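Structure data follow from query11.pdb (PDB, C-alpha atoms, pLDDT in the B column):
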ATOM      1  CA  MET G   1       0.000   0.000   0.000  1.00 95.00           C
ATOM      2  CA  GLU G   2       1.300   3.416  -0.898  1.00 98.00           C
ATOM      3  CA  PHE G   3       1.124   6.326   1.531  1.00 98.00           C
ATOM      4  CA  PHE G   4       1.707  10.059   1.242  1.00 98.00           C
ATOM      5  CA  CYS G   5       3.236  11.656   4.346  1.00 98.00           C
ATOM      6  CA  TYR G   6       3.796  15.402   4.722  1.00 98.00           C
ATOM      7  CA  HIS G   7       5.342  16.578   7.979  1.00 98.00           C
ATOM      8  CA  ARG G   8       4.860  20.361   8.309  1.00 97.00           C
ATOM      9  CA  ASP G   9       7.525  22.234  10.262  1.00 96.00           C
ATOM     10  CA  ARG G  10       6.818  24.029  13.489  1.00 95.00           C
ATOM     11  CA  ARG G  11       7.850  27.689  13.325  1.00 91.00           C
ATOM     12  CA  ASP G  12      11.502  28.250  14.276  1.00 91.00           C
ATOM     13  CA  SER G  13      12.356  24.533  14.227  1.00 93.00           C
ATOM     14  CA  LEU G  14      15.315  24.844  11.833  1.00 92.00           C
ATOM     15  CA  ALA G  15      17.957  24.522  14.571  1.00 95.00           C
ATOM     16  CA  LEU G  16      16.304  21.361  15.874  1.00 96.00           C
ATOM     17  CA  ARG G  17      16.000  19.897  12.363  1.00 94.00           C
ATOM     18  CA  THR G  18      19.668  20.674  11.727  1.00 93.00           C
ATOM     19  CA  GLU G  19      20.652  18.986  14.993  1.00 96.00           C
ATOM     20  CA  LEU G  20      18.640  15.871  14.054  1.00 96.00           C
ATOM     21  CA  LEU G  21      19.634  15.692  10.379  1.00 94.00           C
ATOM     22  CA  GLU G  22      21.789  12.568  10.656  1.00 94.00           C
ATOM     23  CA  GLU G  23      19.140  10.830  12.788  1.00 96.00           C
ATOM     24  CA  HIS G  24      16.498  11.723  10.180  1.00 95.00           C
ATOM     25  CA  TRP G  25      18.599  10.346   7.314  1.00 94.00           C
ATOM     26  CA  SER G  26      19.482   7.191   9.245  1.00 95.00           C
ATOM     27  CA  TYR G  27      15.799   6.640   9.968  1.00 97.00           C
ATOM     28  CA  MET G  28      14.877   7.162   6.305  1.00 96.00           C
ATOM     29  CA  ASP G  29      17.713   4.847   5.183  1.00 94.00           C
ATOM     30  CA  ARG G  30      15.728   2.021   6.805  1.00 96.00           C
ATOM     31  CA  TYR G  31      12.944   2.708   4.282  1.00 97.00           C
ATOM     32  CA  ALA G  32      15.096   3.170   1.159  1.00 95.00           C
ATOM     33  CA  ALA G  33      13.590   0.168  -0.647  1.00 96.00           C
ATOM     34  CA  GLU G  34      10.027   1.373   0.076  1.00 97.00           C
ATOM     35  CA  MET G  35      10.574   5.028  -0.872  1.00 97.00           C
ATOM     36  CA  ILE G  36       8.728   6.357  -3.934  1.00 98.00           C
ATOM     37  CA  ALA G  37       9.608  10.032  -3.415  1.00 97.00           C
ATOM     38  CA  ARG G  38      11.004  12.283  -0.725  1.00 97.00           C
ATOM     39  CA  GLY G  39      12.198  15.795  -0.169  1.00 96.00           C
ATOM     40  CA  PRO G  40      11.857  19.032   1.757  1.00 96.00           C
ATOM     41  CA  THR G  41       9.500  21.914   1.075  1.00 97.00           C
ATOM     42  CA  PHE G  42      10.608  25.535   1.454  1.00 95.00           C
ATOM     43  CA  ALA G  43       9.228  28.993   2.144  1.00 92.00           C
ATOM     44  CA  PRO G  44       9.158  31.449  -0.784  1.00 88.00           C
ATOM     45  CA  ASP G  45      12.706  32.561   0.155  1.00 89.00           C
ATOM     46  CA  GLY G  46      13.875  29.128  -1.093  1.00 87.00           C
ATOM     47  CA  GLU G  47      16.006  28.645   2.020  1.00 88.00           C
ATOM     48  CA  THR G  48      13.722  28.153   5.023  1.00 90.00           C
ATOM     49  CA  PRO G  49      12.400  24.580   5.310  1.00 92.00           C
ATOM     50  CA  THR G  50       8.644  24.315   5.843  1.00 95.00           C
ATOM     51  CA  GLY G  51       8.129  20.568   5.750  1.00 96.00           C
ATOM     52  CA  SER G  52       9.188  17.149   4.568  1.00 97.00           C
ATOM     53  CA  VAL G  53       7.451  14.912   1.995  1.00 98.00           C
ATOM     54  CA  HIS G  54       7.781  11.123   1.974  1.00 98.00           C
ATOM     55  CA  ILE G  55       5.828   8.826  -0.311  1.00 98.00           C
ATOM     56  CA  VAL G  56       6.343   5.214   0.753  1.00 98.00           C
ATOM     57  CA  ASP G  57       5.060   1.743  -0.027  1.00 98.00           C
ATOM     58  CA  LEU G  58       4.303   0.028   3.285  1.00 98.00           C
ATOM     59  CA  PRO G  59       2.341  -3.095   4.311  1.00 97.00           C
ATOM     60  CA  ASP G  60      -0.604  -1.336   5.958  1.00 96.00           C
ATOM     61  CA  ALA G  61      -1.936   1.774   7.715  1.00 96.00           C
ATOM     62  CA  ALA G  62      -0.363   0.763  11.044  1.00 96.00           C
ATOM     63  CA  ALA G  63       3.082   0.615   9.416  1.00 98.00           C
ATOM     64  CA  ALA G  64       2.449   4.015   7.814  1.00 98.00           C
ATOM     65  CA  ARG G  65       1.488   5.553  11.164  1.00 97.00           C
ATOM     66  CA  ALA G  66       4.622   4.089  12.753  1.00 98.00           C
ATOM     67  CA  PHE G  67       6.712   5.499   9.870  1.00 98.00           C
ATOM     68  CA  ALA G  68       5.211   8.981  10.291  1.00 98.00           C
ATOM     69  CA  PHE G  69       5.129   9.229  14.073  1.00 98.00           C
ATOM     70  CA  ASP G  70       8.389   7.443  14.961  1.00 98.00           C
ATOM     71  CA  GLU G  71      10.375   9.796  12.699  1.00 97.00           C
ATOM     72  CA  PRO G  72      13.043  11.583  14.840  1.00 97.00           C
ATOM     73  CA  ASN G  73      11.995  15.144  13.942  1.00 96.00           C
ATOM     74  CA  TYR G  74       8.384  14.343  14.813  1.00 97.00           C
ATOM     75  CA  GLN G  75       9.421  12.710  18.097  1.00 97.00           C
ATOM     76  CA  ALA G  76      11.514  15.792  19.024  1.00 97.00           C
ATOM     77  CA  GLY G  77       8.727  18.281  18.212  1.00 96.00           C
ATOM     78  CA  ALA G  78      10.166  19.827  15.037  1.00 96.00           C
ATOM     79  CA  TYR G  79       6.894  19.280  13.159  1.00 96.00           C
ATOM     80  CA  ARG G  80       3.596  21.002  13.931  1.00 95.00           C
ATOM     81  CA  ASP G  81       1.422  18.436  12.160  1.00 95.00           C
ATOM     82  CA  VAL G  82       1.385  15.474   9.805  1.00 97.00           C
ATOM     83  CA  LEU G  83      -0.775  14.782   6.761  1.00 97.00           C
ATOM     84  CA  LEU G  84      -0.809  11.009   6.293  1.00 98.00           C
ATOM     85  CA  ARG G  85      -3.035   9.463   3.625  1.00 98.00           C
ATOM     86  CA  ARG G  86      -3.233   6.392   1.444  1.00 98.00           C
ATOM     87  CA  TRP G  87      -2.030   7.300  -2.012  1.00 97.00           C
ATOM     88  CA  HIS G  88      -1.954   5.656  -5.423  1.00 96.00           C
ATOM     89  CA  ASN G  89       1.185   5.896  -7.575  1.00 96.00           C
ATOM     90  CA  THR G  90      -0.537   6.764 -10.837  1.00 95.00           C
ATOM     91  CA  LEU G  91       2.812   7.161 -12.647  1.00 95.00           C
ATOM     92  CA  GLY G  92       4.003   3.739 -11.470  1.00 95.00           C
ATOM     93  CA  ARG G  93       7.578   4.905 -10.851  1.00 95.00           C
ATOM     94  CA  THR G  94       9.784   6.517  -8.233  1.00 96.00           C
ATOM     95  CA  MET G  95      11.159  10.039  -8.324  1.00 95.00           C
ATOM     96  CA  TRP G  96      14.566   8.540  -9.205  1.00 94.00           C
ATOM     97  CA  ASP G  97      13.026   7.319 -12.478  1.00 94.00           C
ATOM     98  CA  PHE G  98      11.857  10.839 -13.410  1.00 93.00           C
ATOM     99  CA  PRO G  99      13.405  11.591 -16.829  1.00 88.00           C
ATOM    100  CA  GLY G 100      14.023  15.238 -15.891  1.00 83.00           C
ATOM    101  CA  GLY G 101      16.601  14.293 -13.258  1.00 81.00           C
ATOM    102  CA  ARG G 102      17.185  15.509  -9.715  1.00 81.00           C
ATOM    103  CA  THR G 103      18.260  19.058 -10.525  1.00 81.00           C
ATOM    104  CA  GLY G 104      17.313  21.902 -12.802  1.00 82.00           C
ATOM    105  CA  GLY G 105      14.217  24.055 -12.848  1.00 86.00           C
ATOM    106  CA  ASN G 106      11.621  24.753 -10.204  1.00 94.00           C
ATOM    107  CA  ARG G 107       9.939  21.832  -8.464  1.00 96.00           C
ATOM    108  CA  TYR G 108       6.720  21.973  -6.459  1.00 97.00           C
ATOM    109  CA  LEU G 109       4.474  19.955  -4.190  1.00 98.00           C
ATOM    110  CA  VAL G 110       0.840  20.572  -5.141  1.00 98.00           C
ATOM    111  CA  LEU G 111      -1.792  19.388  -2.669  1.00 97.00           C
ATOM    112  CA  GLY G 112      -5.425  19.502  -3.714  1.00 97.00           C
ATOM    113  CA  LEU G 113      -7.664  18.912  -0.720  1.00 95.00           C
ATOM    114  CA  GLY G 114     -10.861  17.272  -1.892  1.00 91.00           C
ATOM    115  CA  ALA G 115     -14.399  18.591  -1.931  1.00 76.00           C
ATOM    116  CA  GLY G 116     -17.109  16.342  -3.287  1.00 82.00           C
ATOM    117  CA  ARG G 117     -16.671  14.048  -6.265  1.00 89.00           C
ATOM    118  CA  ALA G 118     -13.232  12.746  -7.156  1.00 91.00           C
ATOM    119  CA  ALA G 119     -11.189  14.871  -9.548  1.00 90.00           C
ATOM    120  CA  ASP G 120      -7.958  14.429 -11.471  1.00 91.00           C
ATOM    121  CA  ARG G 121      -7.841  10.637 -10.978  1.00 89.00           C
ATOM    122  CA  ASP G 122      -6.285  10.206 -14.430  1.00 86.00           C
ATOM    123  CA  LEU G 123      -2.956  11.591 -15.538  1.00 88.00           C
ATOM    124  CA  PRO G 124      -3.156  14.916 -17.342  1.00 84.00           C
ATOM    125  CA  PRO G 125      -2.078  14.597 -20.992  1.00 80.00           C
ATOM    126  CA  ASP G 126       1.390  15.659 -22.123  1.00 76.00           C
ATOM    127  CA  ARG G 127       2.825  16.237 -18.647  1.00 79.00           C
ATOM    128  CA  ASP G 128       6.456  15.151 -18.906  1.00 89.00           C
ATOM    129  CA  ASP G 129       7.110  17.400 -15.896  1.00 94.00           C
ATOM    130  CA  LEU G 130       5.285  15.116 -13.444  1.00 96.00           C
ATOM    131  CA  ILE G 131       7.597  13.595 -10.848  1.00 97.00           C
ATOM    132  CA  ALA G 132       4.906  11.908  -8.705  1.00 97.00           C
ATOM    133  CA  TYR G 133       1.121  11.976  -9.119  1.00 97.00           C
ATOM    134  CA  GLY G 134      -1.774  10.325  -7.374  1.00 97.00           C
ATOM    135  CA  PRO G 135      -4.975  10.560  -5.375  1.00 97.00           C
ATOM    136  CA  LEU G 136      -5.084  10.969  -1.606  1.00 97.00           C
ATOM    137  CA  LEU G 137      -7.405   8.295  -0.222  1.00 96.00           C
ATOM    138  CA  SER G 138      -9.097   7.248   3.008  1.00 94.00           C
ATOM    139  CA  ASP G 139      -7.396   4.526   5.060  1.00 91.00           C
ATOM    140  CA  ASP G 140      -9.480   1.831   3.361  1.00 92.00           C
ATOM    141  CA  GLY G 141      -8.654   3.274  -0.074  1.00 91.00           C
ATOM    142  CA  ALA G 142     -12.339   3.686  -0.954  1.00 91.00           C
ATOM    143  CA  THR G 143     -12.853   7.445  -0.596  1.00 93.00           C
ATOM    144  CA  TRP G 144     -11.065  10.128  -2.601  1.00 96.00           C
ATOM    145  CA  LEU G 145      -9.821  12.935  -0.351  1.00 96.00           C
ATOM    146  CA  GLY G 146      -7.666  14.916  -2.772  1.00 97.00           C
ATOM    147  CA  THR G 147      -4.622  14.741  -5.003  1.00 97.00           C
ATOM    148  CA  ALA G 148      -0.882  15.051  -4.314  1.00 98.00           C
ATOM    149  CA  VAL G 149       1.549  15.955  -7.090  1.00 98.00           C
ATOM    150  CA  LEU G 150       5.278  16.607  -7.357  1.00 98.00           C
ATOM    151  CA  VAL G 151       5.871  18.592 -10.536  1.00 97.00           C
ATOM    152  CA  GLY G 152       8.414  20.709 -12.372  1.00 96.00           C
ATOM    153  CA  ALA G 153       6.968  24.069 -13.421  1.00 95.00           C
ATOM    154  CA  ALA G 154       8.031  27.611 -14.287  1.00 95.00           C
ATOM    155  CA  ASP G 155       6.274  29.066 -11.236  1.00 96.00           C
ATOM    156  CA  PRO G 156       3.683  28.250  -8.546  1.00 96.00           C
ATOM    157  CA  ASP G 157       0.758  29.246 -10.787  1.00 96.00           C
ATOM    158  CA  GLU G 158       1.840  26.822 -13.501  1.00 96.00           C
ATOM    159  CA  ALA G 159       2.269  24.105 -10.874  1.00 96.00           C
ATOM    160  CA  ARG G 160      -1.220  24.798  -9.464  1.00 96.00           C
ATOM    161  CA  ALA G 161      -2.692  24.458 -12.984  1.00 94.00           C
ATOM    162  CA  VAL G 162      -1.942  20.706 -12.991  1.00 95.00           C
ATOM    163  CA  LEU G 163      -5.147  20.330 -10.903  1.00 95.00           C
ATOM    164  CA  THR G 164      -8.710  21.323 -11.766  1.00 93.00           C
ATOM    165  CA  PRO G 165      -9.197  24.380  -9.508  1.00 87.00           C
ATOM    166  CA  ASP G 166     -12.967  24.310  -8.925  1.00 89.00           C
ATOM    167  CA  ARG G 167     -12.911  20.671  -7.776  1.00 91.00           C
ATOM    168  CA  TYR G 168     -10.961  21.268  -4.553  1.00 95.00           C
ATOM    169  CA  ALA G 169     -11.721  22.952  -1.235  1.00 94.00           C
ATOM    170  CA  GLU G 170      -8.142  24.206  -1.258  1.00 95.00           C
ATOM    171  CA  ILE G 171      -5.005  23.851  -3.371  1.00 96.00           C
ATOM    172  CA  GLU G 172      -1.633  24.358  -1.695  1.00 96.00           C
ATOM    173  CA  VAL G 173       1.594  24.879  -3.649  1.00 97.00           C
ATOM    174  CA  HIS G 174       4.968  24.475  -1.908  1.00 97.00           C
ATOM    175  CA  ASP G 175       8.499  24.830  -3.265  1.00 97.00           C
ATOM    176  CA  TRP G 176       9.956  21.311  -3.172  1.00 97.00           C
ATOM    177  CA  ARG G 177      13.348  19.708  -3.828  1.00 96.00           C
ATOM    178  CA  PHE G 178      14.456  16.139  -4.408  1.00 94.00           C
ATOM    179  CA  GLY G 179      15.511  14.801  -1.026  1.00 92.00           C
ATOM    180  CA  GLY G 180      17.753  12.153   0.365  1.00 87.00           C
ATOM    181  CA  ARG G 181      21.132  11.811   1.887  1.00 82.00           C
ATOM    182  CA  PRO G 182      23.755  13.865  -0.003  1.00 77.00           C
ATOM    183  CA  SER G 183      26.166  11.687  -1.954  1.00 68.00           C
TER     184      SER G 183
END
Give the structure from this file in structure tokens form.
Amino acid sequence: MEFFCYHRDRRDSLALRTELLEEHWSYMDRYAAEMIARGPTFAPDGETPTGSVHIVDLPDAAAARAFAFDEPNYQAGAYRDVLLRRWHNTLGRTMWDFPGGRTGGNRYLVLGLGAGRAADRDLPPDRDDLIAYGPLLSDDGATWLGTAVLVGAADPDEARAVLTPDRYAEIEVHDWRFGGRPS
């Protein structure tokens, strides 16, 4: 089962995150084989972290909750909240398989929080800039709750346009970078 996990930073938690960086990476190393995508989000200044995205393939919801809530930054209080939802890997690949590579251009996390009937369940046509794409689902996988996308785009407005605007209660766009332990 695939899960989307977005830990949102608590204000002024950068020093704590920096202190726990090696613990965070060591923890994530344990999930390397299950990782579909990962990486930090940033404030508009491009420097200040605002959160951490992890898309993982785990056995069940209990394993996903353990993944999210045992994470060292969460345990230490660096995060203010966690969005954890079942997810479906519509692209069928990991971020490391993205043809556009790890660097170059602007990358974004786009979160469409659902309202009503499911939207954007199918891949948009001609979107070679999609890094990860899929619906956010209830724990049993039966109810559509939104859509999560990692995408390369010229700017936040172009990134937001990957989703159908009037089909969501809210659409969030966050600067995002490929994550993982530096080589």
Would you kindly return, as a PDB file with C-alpha atoms, in the coordinates of the input, each protein, DNA or RNA residue with an atom no farther than 8 Å from any atom of Leu150 (chain G), considering all atoms listed in the file and excluding same-chain residues fewer than 2 positions away?
ATOM      1  CA  ARG G 107       9.939  21.832  -8.464  1.00 96.00           C
ATOM      2  CA  TYR G 108       6.720  21.973  -6.459  1.00 97.00           C
ATOM      3  CA  LEU G 109       4.474  19.955  -4.190  1.00 98.00           C
ATOM      4  CA  VAL G 110       0.840  20.572  -5.141  1.00 98.00           C
ATOM      5  CA  LEU G 130       5.285  15.116 -13.444  1.00 96.00           C
ATOM      6  CA  ILE G 131       7.597  13.595 -10.848  1.00 97.00           C
ATOM      7  CA  ALA G 132       4.906  11.908  -8.705  1.00 97.00           C
ATOM      8  CA  TYR G 133       1.121  11.976  -9.119  1.00 97.00           C
ATOM      9  CA  ALA G 148      -0.882  15.051  -4.314  1.00 98.00           C
ATOM     10  CA  GLY G 152       8.414  20.709 -12.372  1.00 96.00           C
ATOM     11  CA  TRP G 176       9.956  21.311  -3.172  1.00 97.00           C
TER      12      TRP G 176
END
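Compared by their closest atoms to Arg117 (chain G), and using all atoms listed in the file, the residues G:His7, G:His88, G:His24, G:Arg167 rank with G:Arg167 nearest.
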Checklist entry - Using the chain letters and numbers from the file, which residues does the PyMOL selection byres ((chain G and resi 15-17) around 9) grab, as a ChimeraX atom specification? => result /G:12-14,18-21,24,73,76-78
Checklist entry - Which residue, G:Gly179, G:Gly114, G:Gly104, G:Gly92, has the smallest gap to Thr147 (chain G) when you use only C-alpha atoms? => result G:Gly114
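What separates CA of Leu137 (chain G) from CA of Arg86 (chain G) is a distance of 4.9 Å.
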Checklist outcome for this item: Restricting to all atoms listed in the file, whichever of G:Thr164, G:Ala153, G:Met95, G:Thr41 is closest to Asp122 (chain G) is G:Thr164
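Here CA of Asp45 (chain G) and CA of Thr103 (chain G) stand 18.1 Å from one another.
In this structure, CA of Thr90 (chain G) sits 5.1 Å away from CA of Gly134 (chain G).
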Item to check | Shell of 6 Å around Asp9 (chain G), all atoms listed in the file, local chain residues under 5 positions omitted, as a PyMOL selection string | outcome: chain G and resi 50-51+78-80
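With only C-alpha atoms as the atoms that count, the minimum distance from Gly46 (chain G) to the choices G:Phe4, G:Tyr27, G:Asp129, G:Asn106 is reached by G:Asn106.
The result of the PyMOL selection byres ((chain G and resi 139) around 10) on the shown file is Phe3, Asp60, Ala61, Ala62, Leu84, Arg85, Arg86, Trp87, Leu136, Leu137, Ser138, Asp140, Gly141, Ala142 and Thr143 of chain G.
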Next, the residues of the selection above should be written as a CSV table (one decimal), in the frame of the given file with C-alpha atoms.
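Written out: part.csv:
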chain,number,residue,atom,x,y,z
G,3,PHE,CA,1.1,6.3,1.5
G,60,ASP,CA,-0.6,-1.3,6.0
G,61,ALA,CA,-1.9,1.8,7.7
G,62,ALA,CA,-0.4,0.8,11.0
G,84,LEU,CA,-0.8,11.0,6.3
G,85,ARG,CA,-3.0,9.5,3.6
G,86,ARG,CA,-3.2,6.4,1.4
G,87,TRP,CA,-2.0,7.3,-2.0
G,136,LEU,CA,-5.1,11.0,-1.6
G,137,LEU,CA,-7.4,8.3,-0.2
G,138,SER,CA,-9.1,7.2,3.0
G,140,ASP,CA,-9.5,1.8,3.4
G,141,GLY,CA,-8.7,3.3,-0.1
G,142,ALA,CA,-12.3,3.7,-1.0
G,143,THR,CA,-12.9,7.4,-0.6
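Look at Pro44 (chain G): the protein and nucleic acid residues within 9 Å of it, using all atoms listed in the file and passing over chain neighbours fewer than 2 places away, are Phe42, Gly46, Glu47, Thr48, His174 and Asp175 of chain G.
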